[in-house]
Amino acid sequence: MRPVFALYRILVHLAPRDARERFADEQVQLFEQLWREERPASGIRAIAWTLSHFWRAGRASLAQWFDHVFRRRRGHGDLTIGRAGGGWRAPILLDVRYAARGLWRAPWYTLTTIAVLSASVALVTTAFAVVDGVLFKPLPYARASELHLVRVDITAKPTVDPPPVAGWDLGAWAEALPDMGVTGVGRVEPYWLDAGRGEYGSVAVDEHFFEVLGTRPLIGGFMPEDFDAQANNPETPAGFWRPIVVSYAIWQRQFGGDPSIVGKPITFASKDGRRKFGFRIRGVLPRDFTAPLDLGPVAPEILTSTSAREMRDDFNRSFDLVVRIPATTNVANVRDQLLGATRRRALAPPRVVDPGVFGHPSAARWRPEFDDVRLIPLADHLGWRNRQAFVLVFLAAATLLLLACVNVAGLAAGRNLDRRRELAVRRALGASGWALSRELLAEVGLLAVVSTGAALVIAKPLLTWTLDLLPTSVALLKTPAIDERVFAASGLFALTVVVLVVWWPARVAHRISLTAEFGRGGGAMTRPGRRSTFVLVTAQIALAFVLLSAGGLTVTSLAKTWSSDAGYDRDRLLVFPAFVEGYDMLPKGEASARVSAFTDTLRSVPGVQSVTASNHWVFRGTGILWTEVLPRGWSGESVGIQSTRVDASYFNVLDLPVLDGRWPQEGEWTDTSSFAIVSQTAARKFWPDGSAVGQVLVTPQKRASQPVTTRTVIAVVGDARYRSLDQDPVSDIYLPYAIGSSSYGSMFIIRTVGPAREMLEPLIAIATAKGLWVEEPATFRDKLFAAARHRVLPAWLFGSLGAVALLVLAAGILGLFVMSIARRSREMGIRVALGASTQRIVGLLIREQLRAVWLGLAVGAVISTWTVRGLASQLYGVGPYDPVVCSRRPRDGRDRDTGDHRACDARGPGRPRRHPQDRVALQPYQLLFTGRRL
Amino acid sequence: MPPVPQSFSKLPLPPPVFLILLALADGEEHGYSIRQEVIERSNGAVRLDPGSLYRLMARLFDEGLVEESPTPPAHHNDDERRRYYRLTARGRKVMAAETDRLEALVKQARAAGAKRRHA
């Protein structure tokens, strides 16, 4: 038999059995006959003819199932001329009309149910929109499971986020895998549309990039000549406008989706706006394209071109390799090949770099420092930073939806019980259990549809709010939006609601019988009814407890983070990095003079109390710490140690207390002096058994001929947190520095008289007028908030889920309570007649519900002990099993005046002065609702 | 969405159904010849693909309007998979009722057209 006939037979056999047995063979025979007689000879028309018949055969087979399900048993009655329509839609429309009428007549029930469902579905939809890119969305590559990222590691010091490698390593690996698709991806500095505005990540790709990934640009694409070295050399006319492929978002935002975008120029700038880069657009990436590298907060949206040969000749450690390993190949074997190539390169003589590159030969630097290679599936790599948190969020949202479903199921079951007489009579008149369930289905379906519509309306601003709170460290594989995937997910949630909600009430409806109903006489609650209520209340309380505990823990964690002692007054300090414009073009000493003059100007500005500076970024984020000096004879780790050069007034401006030793005297703290001051943490780390004062710090010798510089510790100061409030202070070593000694600028720190934020704009204007440009000025408070942002989102999400869970629980329990009381009206009447007082009856009802409450709390506590373990990594200052989730009051601080803060406590050195605590009130709700700034 | 499963015991009949009944009015026919007759009677306007044809035949069977002929006609010497069908009494009744209805409609249409010409 021809394959086409066999395929047609398969489609015909999709029909129900009776139709299949009766007609299948003949239908296939007819098709064969028409194939011979009517099909066009060849070409597109023949294919279209065949496909058309396939389509109709499949459709007819499936349609016969509808006939089969909704077929009426028709007798041989009289012919009638009537409406030739309705069919199976008529009873469903009737049910929907009846349901709508019933809901209209029960407004409180309807509004409560819609409110509960829409709030829950909105939260779940929002959570889905955020996590979709990380958890659910398939990668936009062909056979994505074959793609792997090559990462390196050092066996002795494994790291979570390994660094990129040199281009030379790419070359060695590519040679080790001659038969596999490999492509290099180079990390490039981001570009900005304007100074500090509109940041776009960028990566460099080679000519194999799209082929290995199995995807193509949506429009255009790189040409072979774009990978020529001259195409990217800005010195040449061809390379002045470098070829790039941009993201779909850039195409839409900057070019309005112009279909003739290929060839158009675009200019980006450096972060400070001082350097401009010209590009010519070669193509546009597909809408859901994701770069195969998780580089953190800024997803790459610009692809530049670099030839594979040029990449593999590059010594810079800024490359990653993506490999496509066919499904039939053993990944372990590929890893062994890569490892072998790595070890061979480690044993080979180091390559000598041109001395002109860094002024002196440093060949030893270009030997690979890693000794292990890993192959990470791309699906695991992308989004790895936040996957766990997103799973937790989505599970919490799904729990809320389940709670809402249980809640509504109880309300619907209760409503059914209220209508039980009506339902019993209808059963007696011939309505089947299925007919009653169909009406219930129509009612719940209508509620679900309306709630989902309302939820989608609510979800849009909710999503915007959530995205505002998203920390900058969160990388998403796709822009969260209410798109078709989210619509589909909402539909699925609505369907889930209907299925979960209908099940219980349908069961109740099926059990209703006329005899039992009129025999009972009504007005009393049966034992099964009470049991159902008990189970519903217990289940709801347990689920709500889980969500409330998660919300309470994350909100408390945020509060504890924000109330942590930073070591300085975060409200009155500004970080103000200022640099002289065109400092490299100025005569020698001119830039330093400008910096000194600017410093004097700053000190004279009204509202500025004092000014200091350091040579280093104060807020270092997650950058690697580094120190110039270490204690003499120190053999411990140099991890967690940071040395910073600071001006003499630094400690005064930050109000760091001296805990041991003395302040430097006049003239002692200059950039040539041999003193040092260490933090309390550093003192404990280096000299745990004695005083740090008088100890010696030395510069580690890299070569025997290098002179050794020594410094003597003269004081120990209090710790200050420069990275984040939820990270322990590092071991800080402060070395002397003089403002104006640098040739280009300084990292100024300014203490203001009033709130620091008010002084930001005036000071920026002054700096600009003096010929300096300022890079990312901010208040200390804003910097600390930015570092704590990653705790705001979990607190917001889990907190709002917990709050909604509480509302849903309250509405549900109240509804069940009222309905159960209404059903027991006869029983209550008899009790009153027998002499029970109102108080006793109320006490009885409350006691009955309390049993369910206690059981629900117990079950919820047991479940929570398991679920909150997953939250442990998201918490700070509170453990997952803390029984009392509350916040500490900050200690009272003494009033700050404008006196000299450098003096030691009057009680003398060695007696730590009471450190004025930050008197910020605990206002986590402000953090939750004000988004970016406080 | 599949077509509404209309009962063929209620008039008016869908045109393809009426044409099938007409094709069977003259005697037993198999699927191919039914199809050819439908095309001929409708001047090519109604061309039933095998899927649609046999779906309608299945429903005609369920409604009791059509049945399979137990003994194929004398000239049956073709593919053994072919089945022959004929109208049942009920099927004839339905076809006759639809014919009467259409006849009445045509009369009314003609009368309305004549009135307009004379108006």
# chains A, B, ... in the order shown; residues from 1 in each chain; ligands from 1
$ select_by_dssp --residues "range 716-902 of chain A" --states "strand (DSSP E or B)" --output "ChimeraX atom specification"
/A:716-717,731-736,745-752,772-774,778-779
$ closest_atom_pairs --of "range 15-38 of chain B" --to "range 44-64 of chain B" --cutoff "7 Å" --atoms "only C-alpha atoms" --output "Markdown table"
| residue | atom | partner | partner_atom | distance |
| --- | --- | --- | --- | --- |
| B:Pro16 | CA | B:Val46 | CA | 7.0 |
| B:Arg35 | CA | B:Leu48 | CA | 6.3 |
| B:Val38 | CA | B:Val46 | CA | 6.7 |
$ residues_around --residues "Arg324 in chain A" --least-positions-apart "6" --cutoff "10 Å" --atoms "only C-alpha atoms" --output "PDB file with all heavy atoms, in the first residue's frame"
ATOM      1  N   ARG A 143      16.981  21.924  18.986  1.00  0.00           N
ATOM      2  CA  ARG A 143      17.524  20.803  19.796  1.00  0.00           C
ATOM      3  C   ARG A 143      18.379  21.369  20.923  1.00  0.00           C
ATOM      4  O   ARG A 143      19.565  21.074  21.062  1.00  0.00           O
ATOM      5  CB  ARG A 143      18.324  19.838  18.927  1.00  0.00           C
ATOM      6  CG  ARG A 143      17.530  19.246  17.779  1.00  0.00           C
ATOM      7  CD  ARG A 143      18.302  18.185  17.019  1.00  0.00           C
ATOM      8  NE  ARG A 143      19.622  18.610  16.600  1.00  0.00           N
ATOM      9  CZ  ARG A 143      19.890  19.388  15.563  1.00  0.00           C
ATOM     10  NH1 ARG A 143      18.902  19.843  14.812  1.00  0.00           N
ATOM     11  NH2 ARG A 143      21.124  19.713  15.250  1.00  0.00           N
ATOM     12  N   ALA A 144      17.738  22.193  21.726  1.00  0.00           N
ATOM     13  CA  ALA A 144      18.470  22.925  22.763  1.00  0.00           C
ATOM     14  C   ALA A 144      19.168  22.000  23.753  1.00  0.00           C
ATOM     15  O   ALA A 144      20.144  22.399  24.389  1.00  0.00           O
ATOM     16  CB  ALA A 144      17.521  23.859  23.505  1.00  0.00           C
ATOM     17  N   SER A 145      18.663  20.774  23.902  1.00  0.00           N
ATOM     18  CA  SER A 145      19.278  19.876  24.875  1.00  0.00           C
ATOM     19  C   SER A 145      20.693  19.483  24.474  1.00  0.00           C
ATOM     20  O   SER A 145      21.464  18.991  25.290  1.00  0.00           O
ATOM     21  CB  SER A 145      18.420  18.615  25.041  1.00  0.00           C
ATOM     22  OG  SER A 145      18.281  17.975  23.794  1.00  0.00           O
ATOM     23  N   GLU A 146      21.069  19.710  23.212  1.00  0.00           N
ATOM     24  CA  GLU A 146      22.415  19.342  22.766  1.00  0.00           C
ATOM     25  C   GLU A 146      23.441  20.436  23.065  1.00  0.00           C
ATOM     26  O   GLU A 146      24.644  20.214  22.956  1.00  0.00           O
ATOM     27  CB  GLU A 146      22.413  19.081  21.259  1.00  0.00           C
ATOM     28  CG  GLU A 146      21.600  17.855  20.854  1.00  0.00           C
ATOM     29  CD  GLU A 146      21.609  17.641  19.352  1.00  0.00           C
ATOM     30  OE1 GLU A 146      22.111  18.533  18.616  1.00  0.00           O
ATOM     31  OE2 GLU A 146      21.120  16.596  18.902  1.00  0.00           O
ATOM     32  N   LEU A 147      22.971  21.620  23.415  1.00  0.00           N
ATOM     33  CA  LEU A 147      23.885  22.745  23.599  1.00  0.00           C
ATOM     34  C   LEU A 147      24.435  22.768  25.018  1.00  0.00           C
ATOM     35  O   LEU A 147      23.687  22.647  25.993  1.00  0.00           O
ATOM     36  CB  LEU A 147      23.159  24.059  23.309  1.00  0.00           C
ATOM     37  CG  LEU A 147      22.765  24.249  21.845  1.00  0.00           C
ATOM     38  CD1 LEU A 147      21.851  25.446  21.694  1.00  0.00           C
ATOM     39  CD2 LEU A 147      24.007  24.424  20.988  1.00  0.00           C
ATOM     40  N   HIS A 148      25.729  22.923  25.121  1.00  0.00           N
ATOM     41  CA  HIS A 148      26.393  22.961  26.420  1.00  0.00           C
ATOM     42  C   HIS A 148      27.346  24.145  26.477  1.00  0.00           C
ATOM     43  O   HIS A 148      27.933  24.545  25.461  1.00  0.00           O
ATOM     44  CB  HIS A 148      27.190  21.670  26.670  1.00  0.00           C
ATOM     45  CG  HIS A 148      26.337  20.467  26.859  1.00  0.00           C
ATOM     46  ND1 HIS A 148      25.690  19.845  25.801  1.00  0.00           N
ATOM     47  CD2 HIS A 148      25.994  19.767  27.965  1.00  0.00           C
ATOM     48  CE1 HIS A 148      25.004  18.811  26.264  1.00  0.00           C
ATOM     49  NE2 HIS A 148      25.166  18.744  27.570  1.00  0.00           N
ATOM     50  N   LEU A 149      27.506  24.656  27.688  1.00  0.00           N
ATOM     51  CA  LEU A 149      28.462  25.734  27.914  1.00  0.00           C
ATOM     52  C   LEU A 149      29.678  25.129  28.603  1.00  0.00           C
ATOM     53  O   LEU A 149      29.545  24.344  29.537  1.00  0.00           O
ATOM     54  CB  LEU A 149      27.827  26.795  28.810  1.00  0.00           C
ATOM     55  CG  LEU A 149      28.587  28.101  28.984  1.00  0.00           C
ATOM     56  CD1 LEU A 149      28.584  28.874  27.676  1.00  0.00           C
ATOM     57  CD2 LEU A 149      27.956  28.932  30.085  1.00  0.00           C
ATOM     58  N   MET A 180      32.757  18.736  16.103  1.00  0.00           N
ATOM     59  CA  MET A 180      31.542  19.261  16.761  1.00  0.00           C
ATOM     60  C   MET A 180      31.372  20.728  16.474  1.00  0.00           C
ATOM     61  O   MET A 180      32.348  21.441  16.242  1.00  0.00           O
ATOM     62  CB  MET A 180      31.655  19.049  18.259  1.00  0.00           C
ATOM     63  CG  MET A 180      31.246  17.655  18.626  1.00  0.00           C
ATOM     64  SD  MET A 180      31.178  17.431  20.358  1.00  0.00           S
ATOM     65  CE  MET A 180      31.452  15.695  20.393  1.00  0.00           C
ATOM     66  N   GLY A 181      30.144  21.163  16.524  1.00  0.00           N
ATOM     67  CA  GLY A 181      29.865  22.587  16.332  1.00  0.00           C
ATOM     68  C   GLY A 181      30.247  23.352  17.580  1.00  0.00           C
ATOM     69  O   GLY A 181      29.726  23.081  18.655  1.00  0.00           O
ATOM     70  N   VAL A 182      31.162  24.282  17.459  1.00  0.00           N
ATOM     71  CA  VAL A 182      31.558  25.123  18.597  1.00  0.00           C
ATOM     72  C   VAL A 182      31.482  26.571  18.166  1.00  0.00           C
ATOM     73  O   VAL A 182      31.712  26.907  17.000  1.00  0.00           O
ATOM     74  CB  VAL A 182      32.977  24.790  19.110  1.00  0.00           C
ATOM     75  CG1 VAL A 182      33.062  23.359  19.577  1.00  0.00           C
ATOM     76  CG2 VAL A 182      34.018  25.085  18.061  1.00  0.00           C
ATOM     77  N   THR A 183      31.161  27.425  19.105  1.00  0.00           N
ATOM     78  CA  THR A 183      31.131  28.841  18.809  1.00  0.00           C
ATOM     79  C   THR A 183      31.588  29.596  20.048  1.00  0.00           C
ATOM     80  O   THR A 183      31.237  29.245  21.161  1.00  0.00           O
ATOM     81  CB  THR A 183      29.730  29.303  18.373  1.00  0.00           C
ATOM     82  OG1 THR A 183      29.770  30.705  18.061  1.00  0.00           O
ATOM     83  CG2 THR A 183      28.693  29.093  19.455  1.00  0.00           C
ATOM     84  N   VAL A 212      25.568  27.099  15.025  1.00  0.00           N
ATOM     85  CA  VAL A 212      25.677  26.176  16.157  1.00  0.00           C
ATOM     86  C   VAL A 212      24.407  26.227  17.009  1.00  0.00           C
ATOM     87  O   VAL A 212      23.903  25.201  17.462  1.00  0.00           O
ATOM     88  CB  VAL A 212      26.918  26.514  17.003  1.00  0.00           C
ATOM     89  CG1 VAL A 212      26.936  25.725  18.302  1.00  0.00           C
ATOM     90  CG2 VAL A 212      28.190  26.232  16.206  1.00  0.00           C
ATOM     91  N   LEU A 213      23.885  27.413  17.224  1.00  0.00           N
ATOM     92  CA  LEU A 213      22.678  27.519  18.046  1.00  0.00           C
ATOM     93  C   LEU A 213      21.447  27.001  17.323  1.00  0.00           C
ATOM     94  O   LEU A 213      20.446  26.673  17.944  1.00  0.00           O
ATOM     95  CB  LEU A 213      22.449  28.969  18.459  1.00  0.00           C
ATOM     96  CG  LEU A 213      23.433  29.569  19.459  1.00  0.00           C
ATOM     97  CD1 LEU A 213      22.980  30.957  19.868  1.00  0.00           C
ATOM     98  CD2 LEU A 213      23.568  28.700  20.686  1.00  0.00           C
ATOM     99  N   GLY A 214      21.503  26.959  15.994  1.00  0.00           N
ATOM    100  CA  GLY A 214      20.337  26.471  15.253  1.00  0.00           C
ATOM    101  C   GLY A 214      19.226  27.495  15.186  1.00  0.00           C
ATOM    102  O   GLY A 214      18.043  27.155  15.259  1.00  0.00           O
ATOM    103  N   PRO A 377      24.702  22.007  30.637  1.00  0.00           N
ATOM    104  CA  PRO A 377      23.630  22.195  29.648  1.00  0.00           C
ATOM    105  C   PRO A 377      23.158  23.633  29.667  1.00  0.00           C
ATOM    106  O   PRO A 377      22.984  24.231  30.733  1.00  0.00           O
ATOM    107  CB  PRO A 377      22.539  21.235  30.117  1.00  0.00           C
ATOM    108  CG  PRO A 377      23.244  20.220  30.942  1.00  0.00           C
ATOM    109  CD  PRO A 377      24.395  20.919  31.584  1.00  0.00           C
ATOM    110  N   LEU A 378      22.934  24.168  28.496  1.00  0.00           N
ATOM    111  CA  LEU A 378      22.563  25.581  28.396  1.00  0.00           C
ATOM    112  C   LEU A 378      21.268  25.869  29.150  1.00  0.00           C
ATOM    113  O   LEU A 378      21.114  26.935  29.743  1.00  0.00           O
ATOM    114  CB  LEU A 378      22.408  25.941  26.915  1.00  0.00           C
ATOM    115  CG  LEU A 378      22.823  27.352  26.522  1.00  0.00           C
ATOM    116  CD1 LEU A 378      24.217  27.673  26.972  1.00  0.00           C
ATOM    117  CD2 LEU A 378      22.718  27.498  25.012  1.00  0.00           C
TER     118      LEU A 378
END
$ residues_around --residues "Ala23 in chain B" --least-positions-apart "6" --cutoff "8 Å" --atoms "only C-alpha atoms" --output "ChimeraX atom specification"
/B:29,34,37-38
$ write_last_selection --atoms "N, CA, C and O atoms" --output "PDB file, in the first residue's frame"
ATOM      1  N   GLU B  29     -26.882   2.403  -4.356  1.00  0.00           N
ATOM      2  CA  GLU B  29     -25.675   3.007  -4.882  1.00  0.00           C
ATOM      3  C   GLU B  29     -24.537   2.808  -3.867  1.00  0.00           C
ATOM      4  O   GLU B  29     -24.781   2.658  -2.671  1.00  0.00           O
ATOM      5  N   ILE B  34     -22.677   7.719  -5.371  1.00  0.00           N
ATOM      6  CA  ILE B  34     -23.436   8.741  -4.639  1.00  0.00           C
ATOM      7  C   ILE B  34     -22.743  10.077  -4.832  1.00  0.00           C
ATOM      8  O   ILE B  34     -23.376  11.107  -5.138  1.00  0.00           O
ATOM      9  N   GLU B  37     -23.182  11.431  -8.341  1.00  0.00           N
ATOM     10  CA  GLU B  37     -24.564  11.923  -8.572  1.00  0.00           C
ATOM     11  C   GLU B  37     -24.792  13.250  -7.888  1.00  0.00           C
ATOM     12  O   GLU B  37     -25.478  14.120  -8.449  1.00  0.00           O
ATOM     13  N   VAL B  38     -24.257  13.396  -6.703  1.00  0.00           N
ATOM     14  CA  VAL B  38     -24.398  14.676  -5.977  1.00  0.00           C
ATOM     15  C   VAL B  38     -23.739  15.797  -6.772  1.00  0.00           C
ATOM     16  O   VAL B  38     -24.286  16.891  -6.908  1.00  0.00           O
TER      17      VAL B  38
END
$ residues_around --residues "Ala379 in chain A" --least-positions-apart "5" --cutoff "12 Å" --atoms "only C-alpha atoms" --output "count of residues only"
24
$ closest_residue --among "A:Arg59, A:Arg9, A:Arg570, A:Arg632" --to "chain B" --atoms "only C-alpha atoms"
A:Arg59
$ closest_residue --among "A:Ala488, A:Leu816, A:Leu14, A:Ala413" --to "chain B" --atoms "only C-alpha atoms"
A:Leu14
$ decode --residues "range 37-54 of chain B" --atoms "C-alpha atoms" --output "mmCIF file, in the first residue's frame"
data_model
loop_
_atom_site.group_PDB
_atom_site.id
_atom_site.type_symbol
_atom_site.label_atom_id
_atom_site.label_comp_id
_atom_site.auth_asym_id
_atom_site.auth_seq_id
_atom_site.Cartn_x
_atom_site.Cartn_y
_atom_site.Cartn_z
ATOM 1 C CA GLU B 37 -24.564 11.923 -8.572
ATOM 2 C CA VAL B 38 -24.398 14.676 -5.977
ATOM 3 C CA ILE B 39 -21.877 16.535 -8.110
ATOM 4 C CA GLU B 40 -24.035 16.054 -11.199
ATOM 5 C CA ARG B 41 -27.310 17.080 -9.577
ATOM 6 C CA SER B 42 -25.727 20.198 -8.042
ATOM 7 C CA ASN B 43 -23.922 21.139 -11.246
ATOM 8 C CA GLY B 44 -20.585 20.810 -9.484
ATOM 9 C CA ALA B 45 -21.549 23.085 -6.609
ATOM 10 C CA VAL B 46 -21.420 20.334 -4.003
ATOM 11 C CA ARG B 47 -18.308 18.163 -4.108
ATOM 12 C CA LEU B 48 -18.187 15.873 -1.130
ATOM 13 C CA ASP B 49 -14.802 14.609 -0.024
ATOM 14 C CA PRO B 50 -14.782 11.063 1.343
ATOM 15 C CA GLY B 51 -14.585 12.234 4.955
ATOM 16 C CA SER B 52 -17.611 14.492 4.719
ATOM 17 C CA LEU B 53 -19.563 11.977 2.669
ATOM 18 C CA TYR B 54 -19.131 9.147 5.099
#
